[in-house]
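This is upload_2.cif. It holds mmCIF, C-alpha atoms.
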```
data_input
loop_
_atom_site.label_atom_id
_atom_site.label_comp_id
_atom_site.auth_asym_id
_atom_site.auth_seq_id
_atom_site.Cartn_x
_atom_site.Cartn_y
_atom_site.Cartn_z
CA MET A 31 -64.77 -64.21 57.19
CA LYS A 32 -65.96 -62.42 54.04
CA TYR A 33 -63.07 -59.95 54.24
CA LEU A 34 -60.56 -62.76 54.85
CA LEU A 35 -61.75 -64.54 51.70
CA LEU A 36 -61.47 -61.35 49.65
CA LEU A 37 -57.96 -60.74 50.96
CA LEU A 38 -56.87 -64.29 50.12
CA LEU A 39 -58.25 -63.95 46.61
CA ALA A 40 -56.41 -60.66 46.18
CA LEU A 41 -53.14 -62.21 47.30
CA LYS A 42 -53.56 -64.93 44.67
CA GLY A 43 -53.04 -62.26 42.04
CA PHE A 44 -49.52 -61.40 43.19
CA SER A 45 -46.69 -63.76 42.34
CA GLN A 46 -42.94 -63.74 41.98
CA PRO A 47 -42.10 -64.64 38.35
CA LYS A 48 -40.02 -67.78 37.98
CA ASP A 49 -37.22 -65.88 36.27
CA GLU A 50 -36.82 -63.78 39.42
CA ILE A 51 -36.03 -66.82 41.56
CA LYS A 52 -32.57 -66.39 43.07
CA LEU A 53 -31.01 -69.79 43.60
CA PRO A 54 -28.49 -70.56 46.35
CA LYS A 55 -24.80 -70.72 45.48
CA GLY A 56 -22.74 -73.88 45.16
CA GLY A 57 -23.16 -77.22 43.47
CA LYS A 58 -21.59 -78.50 40.29
CA LYS A 59 -22.67 -79.24 36.73
CA ILE A 60 -24.95 -82.27 36.45
CA GLU A 61 -23.56 -85.05 34.27
CA ILE A 62 -26.32 -87.11 32.66
CA LYS A 63 -24.72 -90.25 31.21
CA SER A 64 -27.84 -92.31 30.53
CA LEU A 65 -31.42 -91.87 29.39
CA THR A 66 -33.11 -89.77 32.07
CA ASN A 67 -36.48 -88.12 32.57
CA LEU A 68 -36.16 -84.63 34.05
CA TYR A 69 -38.99 -82.90 35.90
CA SER A 70 -38.90 -79.32 37.14
CA LEU A 71 -40.38 -77.70 40.23
CA TYR A 72 -40.01 -73.95 40.76
CA ILE A 73 -40.55 -72.47 44.23
CA THR A 74 -40.65 -68.74 44.86
CA LYS A 75 -39.75 -67.07 48.14
CA ASN A 76 -43.44 -66.20 48.46
CA GLN A 77 -44.23 -69.95 48.57
CA GLU A 78 -45.65 -70.39 45.10
CA VAL A 79 -44.99 -73.67 43.32
CA TYR A 80 -44.80 -74.26 39.57
CA ASN A 81 -44.29 -77.33 37.43
CA ASP A 82 -42.83 -75.77 34.30
CA ASP A 83 -45.42 -73.06 33.50
CA LYS A 84 -48.28 -74.54 35.51
CA LYS A 85 -48.93 -73.15 38.97
CA LEU A 86 -49.82 -75.88 41.47
CA GLU A 87 -52.63 -75.04 43.86
CA TYR A 88 -52.53 -78.02 46.24
CA PHE A 89 -49.65 -79.91 47.83
CA GLN A 90 -51.13 -83.14 46.49
CA ASP A 91 -50.75 -81.72 42.96
CA ILE A 92 -46.98 -82.08 43.30
CA ASN A 93 -46.80 -85.85 43.37
CA TYR A 94 -49.83 -86.32 41.12
CA THR A 95 -48.29 -84.07 38.46
CA LEU A 96 -44.88 -85.75 38.60
CA LEU A 97 -46.36 -89.25 38.46
CA ASP A 98 -48.67 -88.27 35.59
CA GLN A 99 -45.68 -87.05 33.58
CA LYS A 100 -43.69 -90.16 34.51
CA ASN A 101 -46.47 -92.50 33.41
CA LYS A 102 -46.43 -91.00 29.94
CA ILE A 103 -42.99 -92.59 29.53
CA PRO A 104 -43.68 -95.99 31.12
CA GLU A 105 -40.23 -97.60 30.80
CA PRO A 106 -39.39 -98.35 34.48
CA TRP A 107 -35.64 -98.53 33.89
CA ILE A 108 -35.33 -94.85 32.92
CA ALA A 109 -33.93 -92.68 35.74
CA GLN A 110 -36.36 -90.13 37.17
CA LYS A 111 -34.89 -86.85 38.43
CA VAL A 112 -36.70 -83.85 39.89
CA LEU A 113 -34.90 -80.52 39.48
CA LEU A 114 -35.86 -78.27 42.39
CA TYR A 115 -35.46 -74.57 41.57
CA ALA A 116 -36.15 -72.91 44.92
CA ASP A 117 -35.44 -69.33 45.90
CA ALA A 118 -32.62 -69.05 48.43
CA HIS A 119 -34.82 -67.00 50.77
CA THR A 120 -37.72 -69.45 50.90
CA LYS A 121 -38.44 -70.69 54.42
CA TYR A 122 -36.92 -74.16 54.67
CA LYS A 123 -39.95 -75.60 56.48
CA PHE A 124 -41.93 -74.92 53.28
CA ILE A 125 -39.30 -76.73 51.18
CA ASP A 126 -39.46 -79.60 53.65
CA LYS A 127 -43.21 -79.86 53.13
CA ILE A 128 -42.74 -79.89 49.35
CA LYS A 129 -40.23 -82.74 49.70
CA SER A 130 -42.72 -84.73 51.79
CA HIS A 131 -45.00 -84.82 48.74
CA ILE A 132 -42.38 -86.29 46.39
CA THR A 133 -42.04 -90.06 46.44
CA SER A 134 -38.73 -91.91 46.43
CA THR A 135 -39.47 -92.92 42.84
CA PHE A 136 -37.64 -89.72 41.96
CA SER A 137 -34.10 -88.56 42.62
CA LEU A 138 -33.96 -84.97 43.85
CA PHE A 139 -31.49 -82.32 42.69
CA TYR A 140 -31.26 -78.94 44.41
CA MET A 141 -30.52 -76.51 41.59
CA THR A 142 -28.00 -73.75 42.27
CA ASP A 143 -26.50 -70.57 40.78
CA ASN A 144 -29.10 -69.83 38.05
CA ILE A 145 -32.17 -71.40 36.45
CA TYR A 146 -30.61 -71.68 32.99
CA ASP A 147 -27.67 -74.04 33.67
CA LEU A 148 -27.77 -77.60 35.01
CA ILE A 149 -25.79 -76.83 38.17
CA ALA A 150 -26.96 -78.56 41.33
CA THR A 151 -26.28 -80.26 44.63
CA SER A 152 -27.65 -83.76 45.17
CA PHE A 153 -28.19 -85.30 48.59
CA ARG A 154 -29.68 -88.54 49.80
CA PHE A 155 -33.45 -88.38 49.37
CA ASN A 156 -35.65 -91.10 50.83
CA ASN A 157 -39.36 -90.61 51.33
CA PHE A 158 -41.75 -93.28 52.51
CA SER A 159 -45.00 -93.94 50.64
CA LYS A 160 -48.11 -92.24 51.95
CA LYS A 161 -51.50 -93.88 51.69
CA SER A 162 -53.76 -90.89 52.19
CA PHE A 163 -53.63 -87.11 52.40
CA LEU A 164 -56.10 -84.46 53.35
CA LEU A 165 -56.46 -82.10 50.41
CA GLU A 166 -54.35 -79.08 51.28
CA GLU A 167 -54.03 -75.88 49.33
CA ILE A 168 -50.63 -74.25 48.78
CA ASN A 169 -50.74 -70.84 50.45
CA SER A 170 -48.39 -67.96 49.79
CA LEU A 171 -46.34 -66.57 52.66
CA GLN A 172 -48.92 -63.82 53.23
CA GLU A 173 -51.82 -66.26 53.07
CA GLU A 174 -50.13 -68.60 55.52
CA GLU A 175 -50.06 -65.81 58.07
CA LEU A 176 -53.85 -65.56 57.82
CA ILE A 177 -54.92 -69.19 57.96
CA GLU A 178 -53.65 -72.40 59.52
CA SER A 179 -52.34 -75.19 57.28
CA SER A 180 -54.13 -78.55 57.30
CA SER A 181 -52.34 -81.61 58.67
CA ILE A 182 -51.49 -84.68 56.61
CA THR A 183 -51.92 -88.34 57.41
CA MET A 184 -48.87 -90.52 56.90
CA ASP A 185 -48.66 -94.26 56.29
CA ILE A 186 -45.34 -96.08 56.11
CA SER A 187 -45.07 -99.10 53.82
CA ASP A 188 -43.46 -102.23 55.18
CA PHE A 189 -40.58 -103.44 53.02
CA ALA A 190 -37.18 -105.06 53.45
CA ASN A 191 -34.25 -102.69 53.08
CA PRO A 192 -30.77 -101.92 54.42
CA TRP A 193 -30.37 -100.98 58.07
CA TRP A 194 -30.71 -97.23 57.47
CA VAL A 195 -34.08 -97.61 55.74
CA GLU A 196 -35.26 -99.95 58.50
CA LEU A 197 -34.16 -97.31 61.00
CA GLU A 198 -36.12 -94.56 59.26
CA ARG A 199 -39.17 -96.79 59.04
CA ASP A 200 -38.94 -97.62 62.75
CA LEU A 201 -38.78 -93.91 63.60
CA TYR A 202 -42.38 -93.67 62.36
CA SER A 203 -43.56 -96.63 64.43
CA ASP A 204 -46.62 -96.22 66.64
CA ASN A 205 -44.72 -98.07 69.38
CA LYS A 206 -42.55 -95.83 71.56
CA GLU A 207 -40.26 -98.71 72.56
CA VAL A 208 -39.61 -99.56 68.90
CA ILE A 209 -38.68 -95.94 68.16
CA GLN A 210 -36.43 -95.60 71.20
CA GLY A 211 -34.80 -98.96 70.50
CA ALA A 212 -34.09 -97.99 66.90
CA ILE A 213 -32.49 -94.71 67.98
CA ASN A 214 -30.40 -96.30 70.73
CA GLN A 215 -29.23 -99.12 68.46
CA HIS A 216 -26.78 -96.85 66.65
CA ASN A 217 -24.22 -94.36 67.91
CA HIS A 218 -25.71 -91.00 66.96
CA THR A 219 -25.80 -87.28 67.50
CA LEU A 220 -28.02 -84.35 66.59
CA ILE A 221 -26.99 -81.12 64.88
CA THR A 222 -29.20 -78.17 63.99
CA VAL A 223 -29.21 -75.96 60.91
CA SER A 224 -29.69 -72.34 61.98
CA PRO A 225 -30.02 -68.99 60.17
CA ASN A 226 -26.97 -67.27 58.68
CA LYS A 227 -25.57 -70.64 57.55
CA ALA A 228 -24.76 -71.71 61.10
CA LEU A 229 -24.60 -75.29 62.38
CA LYS A 230 -25.09 -76.02 66.07
CA HIS A 231 -24.40 -79.01 68.30
CA LYS A 232 -25.80 -78.89 71.84
CA ASP A 233 -26.44 -75.14 71.32
CA LEU A 234 -22.78 -74.50 70.44
CA LEU A 235 -21.66 -73.28 67.02
CA LEU A 236 -19.82 -75.90 64.98
CA ASN A 237 -16.72 -75.12 62.99
CA ASP A 238 -15.62 -77.25 60.06
CA ASN A 239 -13.29 -79.45 62.12
CA ASN A 240 -15.97 -80.13 64.74
CA LEU A 241 -18.44 -81.07 62.01
CA LYS A 242 -15.96 -83.48 60.44
CA ALA A 243 -15.32 -85.11 63.83
CA LEU A 244 -19.05 -85.68 64.40
CA ILE A 245 -19.51 -87.18 60.93
CA LYS A 246 -16.53 -89.47 61.51
CA SER A 247 -17.36 -90.59 65.05
CA ASN A 248 -21.09 -91.34 64.70
CA LYS A 249 -23.01 -93.92 62.71
CA VAL A 250 -26.10 -91.70 62.41
CA LEU A 251 -26.26 -87.92 62.19
CA TYR A 252 -29.72 -86.44 62.77
CA LEU A 253 -30.11 -83.11 61.00
CA ASP A 254 -32.63 -80.76 62.61
CA PHE A 255 -33.71 -77.26 61.54
CA ASP A 256 -34.62 -74.06 63.37
CA ASP A 257 -38.05 -72.72 62.44
CA ASN A 258 -36.65 -69.53 60.93
CA THR A 259 -34.07 -71.31 58.76
CA TYR A 260 -33.99 -70.43 55.06
CA TYR A 261 -33.43 -72.76 52.13
CA GLU A 262 -29.96 -71.28 51.53
CA ASP A 263 -29.02 -72.25 55.12
CA TYR A 264 -30.12 -75.83 54.49
CA LEU A 265 -28.26 -76.10 51.20
CA ASP A 266 -25.08 -74.69 52.72
CA ALA A 267 -25.31 -77.28 55.52
CA ILE A 268 -25.76 -80.31 53.27
CA GLN A 269 -22.90 -79.19 51.04
CA LYS A 270 -20.59 -78.97 54.06
CA ILE A 271 -21.70 -82.40 55.26
CA LYS A 272 -21.38 -83.96 51.82
CA LYS A 273 -17.86 -82.58 51.43
CA HIS A 274 -16.71 -84.47 54.53
CA GLN A 275 -18.62 -87.62 53.59
CA ILE A 276 -16.92 -87.74 50.18
CA ALA A 277 -13.48 -87.14 51.73
CA LEU A 278 -14.01 -89.99 54.22
CA GLU A 279 -15.24 -92.31 51.46
CA LYS A 280 -12.07 -91.69 49.46
CA LYS A 281 -10.02 -92.70 52.50
CA GLN A 282 -12.33 -95.71 52.98
CA GLU A 283 -13.18 -94.47 56.46
CA GLU A 284 -16.53 -94.72 58.21
CA LYS A 285 -18.94 -91.81 57.92
CA ALA A 286 -22.29 -90.99 59.51
CA TYR A 287 -25.53 -91.70 57.71
CA VAL A 288 -27.64 -88.51 57.72
CA ILE A 289 -31.33 -88.53 58.62
CA GLU A 290 -33.17 -85.25 58.22
CA VAL A 291 -35.55 -84.48 61.07
CA SER A 292 -38.40 -83.34 58.86
CA ILE A 293 -41.48 -81.53 60.14
CA ASN A 294 -43.44 -84.79 59.84
CA LEU A 295 -40.83 -86.79 61.74
CA LYS A 296 -40.48 -84.16 64.46
CA LYS A 297 -44.26 -84.03 64.91
CA HIS A 298 -44.47 -87.82 65.14
CA LEU A 299 -41.65 -88.09 67.69
CA ASN A 300 -43.25 -85.36 69.81
CA GLN A 301 -46.59 -87.18 69.74
CA MET A 302 -44.87 -90.39 70.82
CA GLY A 303 -42.96 -88.63 73.61
CA VAL A 304 -39.53 -89.40 72.11
CA GLU A 305 -36.73 -86.86 72.21
CA LEU A 306 -33.69 -86.86 69.94
CA ASN A 307 -30.45 -85.63 71.48
#
```

Could you quickly redo this structure as structure tokens?
Amino acid sequence: MKYLLLLLLALKGFSQPKDEIKLPKGGKKIEIKSLTNLYSLYITKNQEVYNDDKKLEYFQDINYTLLDQKNKIPEPWIAQKVLLYADAHTKYKFIDKIKSHITSTFSLFYMTDNIYDLIATSFRFNNFSKKSFLLEEINSLQEEELIESSSITMDISDFANPWWVELERDLYSDNKEVIQGAINQHNHTLITVSPNKALKHKDLLLNDNNLKALIKSNKVLYLDFDDNTYYEDYLDAIQKIKKHQIALEKKQEEKAYVIEVSINLKKHLNQMGVELN
């Protein structure tokens, strides 16, 4: 145990500088047309997280830091946007965990190309409020291989919203029948983001036409992720999906609503004995 502690402390001394973060490709220039508060999170491929120049040590620091900055400008009508500068070769499951600690108070932009220009991809971001967390330290990739991460406790607030928010809330129900009923209520399908920017449906690779057909023919599209998927794979997938959604909107045609099967959601469904397919 003594040697493990010394090794963890030694690893803390090694970090990837923020200016070495290599962002994924894609996106477009952000147009800010109204008064907006911008907050920055930098994530290295070694799983280190910074808010501007401050390194965050615990996952809980993410939301606390953002809310503290927000509260210094108390006008509630000002838009709140988080700019996520994440290295393309960061494991996506780590990005997913970061996202789970950002409340829906903030809009989320995935920054692309380089850290100096406001070029990004935006995608629907909806995160339910959480009542309590176990304090959990952010571990680098090497540290994570040495110790097991703590679990978090989730609480879903009850509020009236459109059908898609009600659906996402019901997915976290402690009643298996409620979950299964919510899933079965809407025509749906499941696709999986895989390494090398691949998308799969029922273990078969999807081409662009197949993806468009699934988005057009389903009301809900569940987006799952392989464990070894990188952030660049995720960003490539959502840009492909968004391209078809926008094209269908312009034609005033129906399009699928996308629900990401996060680590927290997948864990909850497994515990409840519910399988998405």

**Request:** For CA of His131 (chain A) and CA of Asp91 (chain A), quote the distance in Å rounded to one decimal.
**Result:**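 Atom-to-atom, CA of His131 (chain A) and CA of Asp91 (chain A) are spaced 8.7 Å apart.
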
**Request:** Identify all residues satisfying the PyMOL selection byres ((chain A and resi 274) around 9) in the given file; provide them as an MDAnalysis selection string.
**Result:** chainID A and resid 241:242 245:246 269:273 275:279 285

Could you turn the residues from that selection into a file that holds C-alpha atoms, as a compact mmCIF listing (two decimals), keeping the file's coordinate frame?
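What landed in selection26.txt:
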```txt
# COMPACT_ATOMS: atom_id res chain seq x y z
CA LEU A 241 -18.44 -81.07 62.01
CA LYS A 242 -15.96 -83.48 60.44
CA ILE A 245 -19.51 -87.18 60.93
CA LYS A 246 -16.53 -89.47 61.51
CA GLN A 269 -22.90 -79.19 51.04
CA LYS A 270 -20.59 -78.97 54.06
CA ILE A 271 -21.70 -82.40 55.26
CA LYS A 272 -21.38 -83.96 51.82
CA LYS A 273 -17.86 -82.58 51.43
CA GLN A 275 -18.62 -87.62 53.59
CA ILE A 276 -16.92 -87.74 50.18
CA ALA A 277 -13.48 -87.14 51.73
CA LEU A 278 -14.01 -89.99 54.22
CA GLU A 279 -15.24 -92.31 51.46
CA LYS A 285 -18.94 -91.81 57.92
```

Taking all atoms of region 269-278 of chain A that the file lists, what box with edges along x, y and z, padded by 5 Å per side, do you get, with centre and edge lengths in Å to one decimal, as JSON?
```
{"center_x": -18.2, "center_y": -84.5, "center_z": 52.7, "size_x": 19.4, "size_y": 21.0, "size_z": 15.1}
```

**Asked** Taking into account only C-alpha atoms, which residue in the set A:Tyr264, A:Ala286, A:Gln301, A:His231 is nearest to His216 (chain A)?
**Response**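 Of A:Tyr264, A:Ala286, A:Gln301, A:His231, the one nearest His216 (chain A), counting only C-alpha atoms, is A:Ala286.
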
**Asked** Which is closer to Lys84 (chain A) than all the others in A:Leu71, A:His218, A:Tyr146, A:Leu306, using only C-alpha atoms?
**Response**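 Residue with the minimum atom-to-atom distance to Lys84 (chain A): A:Leu71.
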
**Request:** Within 8 Å of Val304 (chain A), counting all atoms listed in the file, which residues show up once you throw out same-chain ones fewer than 2 positions away? Write them as a ChimeraX atom specification, please.
**Result:** /A:206,209-210,299-302,306

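Those residues that approach Val79 (chain A) to within 10 Å, counting all atoms listed in the file, are Lys48, Leu71, Tyr72, Ile73, Thr74, Lys75, Asn76, Gln77, Asn81, Asp82, Asp83, Lys84, Lys85, Leu86, Glu87, Tyr88, Phe89, Asp91, Ile92, Tyr115, Ala116, Ile128, Ile168, Asn169 and Ser170 of chain A; same-chain residues fewer than 2 positions away are not listed.
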
**Request:** Could you please determine the separation between CA of Asn205 (chain A) and CA of His298 (chain A) in Å, to one decimal place?
**Result:** 11.1 Å

Given the file above and the PyMOL selection byres ((chain A and resi 221) around 8), which residues are selected, and can you give them as a JSON list (two decimals) with C-alpha atoms, in the frame of the given file?
```json
[["chain", "number", "residue", "atom", "x", "y", "z"],
["A", 219, "THR", "CA", -25.80, -87.28, 67.50],
["A", 220, "LEU", "CA", -28.02, -84.35, 66.59],
["A", 222, "THR", "CA", -29.20, -78.17, 63.99],
["A", 223, "VAL", "CA", -29.21, -75.96, 60.91],
["A", 229, "LEU", "CA", -24.60, -75.29, 62.38],
["A", 230, "LYS", "CA", -25.09, -76.02, 66.07],
["A", 231, "HIS", "CA", -24.40, -79.01, 68.30],
["A", 232, "LYS", "CA", -25.80, -78.89, 71.84],
["A", 251, "LEU", "CA", -26.26, -87.92, 62.19],
["A", 252, "TYR", "CA", -29.72, -86.44, 62.77],
["A", 253, "LEU", "CA", -30.11, -83.11, 61.00],
["A", 254, "ASP", "CA", -32.63, -80.76, 62.61]]
```

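Atom pair CA of Leu234 (chain A) / CA of Ser247 (chain A) has a distance of 17.8 Å (rounded to one decimal).
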
**Request:** Return as an MDAnalysis selection string the set of residues that the PyMOL selection byres ((chain A and resi 51-67) around 9) yields on the displayed structure.
**Result:** chainID A and resid 46:50 68:69 72:75 100 103 108:112 115:119 140:145 147:152 261:263 265:266 269

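Among the candidate residues A:Ser70, A:Ser224, A:Thr95, A:Gln90, the one lying nearest to Phe255 (chain A) is A:Ser224, with distances computed using only C-alpha atoms.
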
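Using all atoms listed in the file, the nearest neighbour of Glu305 (chain A) within the list A:Lys227, A:Lys249, A:Lys121, A:Val291 is A:Val291.
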
**Asked** Counting only C-alpha atoms, which of A:Trp107, A:Tyr94, A:Trp194, A:Tyr202 gets nearest to Thr133 (chain A)?
**Response** A:Tyr94

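Here the question is which of A:Trp193, A:Lys123, A:Asn237, A:Ala243 gets nearest to Lys296 (chain A) using all atoms listed in the file, and that residue is A:Lys123.
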
All heavy atoms are what I want for region 113-124 of chain A; can you complete it accordingly and write them as a short mmCIF file (atom, residue, chain, number, x, y, z; two decimals), in the frame of the given file?
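Printed below is selection28.cif as written:
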```cif
data_model
loop_
_atom_site.label_atom_id
_atom_site.label_comp_id
_atom_site.auth_asym_id
_atom_site.auth_seq_id
_atom_site.Cartn_x
_atom_site.Cartn_y
_atom_site.Cartn_z
N LEU A 113 -35.77 -81.68 39.33
CA LEU A 113 -34.90 -80.52 39.48
C LEU A 113 -35.66 -79.47 40.28
O LEU A 113 -36.68 -78.95 39.82
CB LEU A 113 -34.50 -79.97 38.11
CG LEU A 113 -33.94 -81.00 37.10
CD1 LEU A 113 -33.54 -80.30 35.81
CD2 LEU A 113 -32.77 -81.77 37.69
N LEU A 114 -35.17 -79.19 41.49
CA LEU A 114 -35.86 -78.27 42.39
C LEU A 114 -35.21 -76.89 42.30
O LEU A 114 -34.08 -76.68 42.76
CB LEU A 114 -35.79 -78.80 43.82
CG LEU A 114 -36.64 -78.10 44.86
CD1 LEU A 114 -38.12 -78.34 44.59
CD2 LEU A 114 -36.29 -78.58 46.27
N TYR A 115 -35.93 -75.95 41.69
CA TYR A 115 -35.46 -74.57 41.57
C TYR A 115 -36.15 -73.74 42.64
O TYR A 115 -37.25 -73.23 42.44
CB TYR A 115 -35.80 -74.01 40.19
CG TYR A 115 -35.12 -74.70 39.02
CD1 TYR A 115 -35.71 -75.80 38.41
CD2 TYR A 115 -33.92 -74.23 38.52
CE1 TYR A 115 -35.11 -76.43 37.33
CE2 TYR A 115 -33.30 -74.85 37.43
CZ TYR A 115 -33.90 -75.95 36.85
OH TYR A 115 -33.30 -76.57 35.78
N ALA A 116 -35.52 -73.61 43.80
CA ALA A 116 -36.15 -72.91 44.92
C ALA A 116 -35.37 -71.65 45.27
O ALA A 116 -34.13 -71.66 45.31
CB ALA A 116 -36.24 -73.82 46.14
N ASP A 117 -36.08 -70.58 45.52
CA ASP A 117 -35.44 -69.33 45.90
C ASP A 117 -34.67 -69.49 47.21
O ASP A 117 -35.15 -70.13 48.15
CB ASP A 117 -36.49 -68.23 46.04
CG ASP A 117 -35.86 -66.84 46.09
OD1 ASP A 117 -35.33 -66.46 47.16
OD2 ASP A 117 -35.90 -66.15 45.06
N ALA A 118 -33.49 -68.91 47.26
CA ALA A 118 -32.62 -69.05 48.43
C ALA A 118 -33.28 -68.56 49.71
O ALA A 118 -32.99 -69.05 50.80
CB ALA A 118 -31.31 -68.30 48.20
N HIS A 119 -34.20 -67.59 49.59
CA HIS A 119 -34.82 -67.00 50.77
C HIS A 119 -36.22 -67.54 51.03
O HIS A 119 -37.04 -66.90 51.70
CB HIS A 119 -34.85 -65.47 50.65
CG HIS A 119 -33.51 -64.86 50.86
ND1 HIS A 119 -32.64 -64.60 49.82
CD2 HIS A 119 -32.85 -64.48 51.99
CE1 HIS A 119 -31.52 -64.08 50.29
NE2 HIS A 119 -31.62 -64.00 51.60
N THR A 120 -36.49 -68.74 50.54
CA THR A 120 -37.72 -69.45 50.90
C THR A 120 -37.51 -70.08 52.28
O THR A 120 -36.44 -70.60 52.58
CB THR A 120 -38.03 -70.57 49.88
OG1 THR A 120 -38.03 -70.02 48.57
CG2 THR A 120 -39.38 -71.20 50.18
N LYS A 121 -38.53 -70.03 53.12
CA LYS A 121 -38.44 -70.69 54.42
C LYS A 121 -38.22 -72.19 54.20
O LYS A 121 -38.93 -72.83 53.43
CB LYS A 121 -39.72 -70.47 55.22
CG LYS A 121 -39.94 -69.04 55.68
CD LYS A 121 -39.00 -68.69 56.83
CE LYS A 121 -39.35 -67.33 57.43
NZ LYS A 121 -38.47 -66.99 58.56
N TYR A 122 -37.23 -72.76 54.92
CA TYR A 122 -36.92 -74.16 54.67
C TYR A 122 -38.08 -75.08 55.06
O TYR A 122 -38.29 -76.12 54.45
CB TYR A 122 -35.65 -74.62 55.37
CG TYR A 122 -35.41 -76.08 55.08
CD1 TYR A 122 -35.05 -76.49 53.80
CD2 TYR A 122 -35.67 -77.06 56.04
CE1 TYR A 122 -34.92 -77.83 53.49
CE2 TYR A 122 -35.54 -78.40 55.74
CZ TYR A 122 -35.16 -78.78 54.46
OH TYR A 122 -35.06 -80.11 54.15
N LYS A 123 -38.85 -74.72 56.08
CA LYS A 123 -39.95 -75.60 56.48
C LYS A 123 -40.96 -75.76 55.34
O LYS A 123 -41.64 -76.80 55.26
CB LYS A 123 -40.63 -75.07 57.74
CG LYS A 123 -41.25 -73.70 57.65
CD LYS A 123 -41.80 -73.27 59.01
CE LYS A 123 -42.39 -71.88 58.97
NZ LYS A 123 -42.89 -71.46 60.31
N PHE A 124 -41.06 -74.78 54.44
CA PHE A 124 -41.93 -74.92 53.28
C PHE A 124 -41.31 -75.89 52.27
O PHE A 124 -42.00 -76.73 51.70
CB PHE A 124 -42.17 -73.55 52.62
CG PHE A 124 -43.15 -73.60 51.48
CD1 PHE A 124 -44.50 -73.70 51.72
CD2 PHE A 124 -42.71 -73.54 50.17
CE1 PHE A 124 -45.42 -73.75 50.67
CE2 PHE A 124 -43.61 -73.58 49.11
CZ PHE A 124 -44.96 -73.69 49.37
#
```
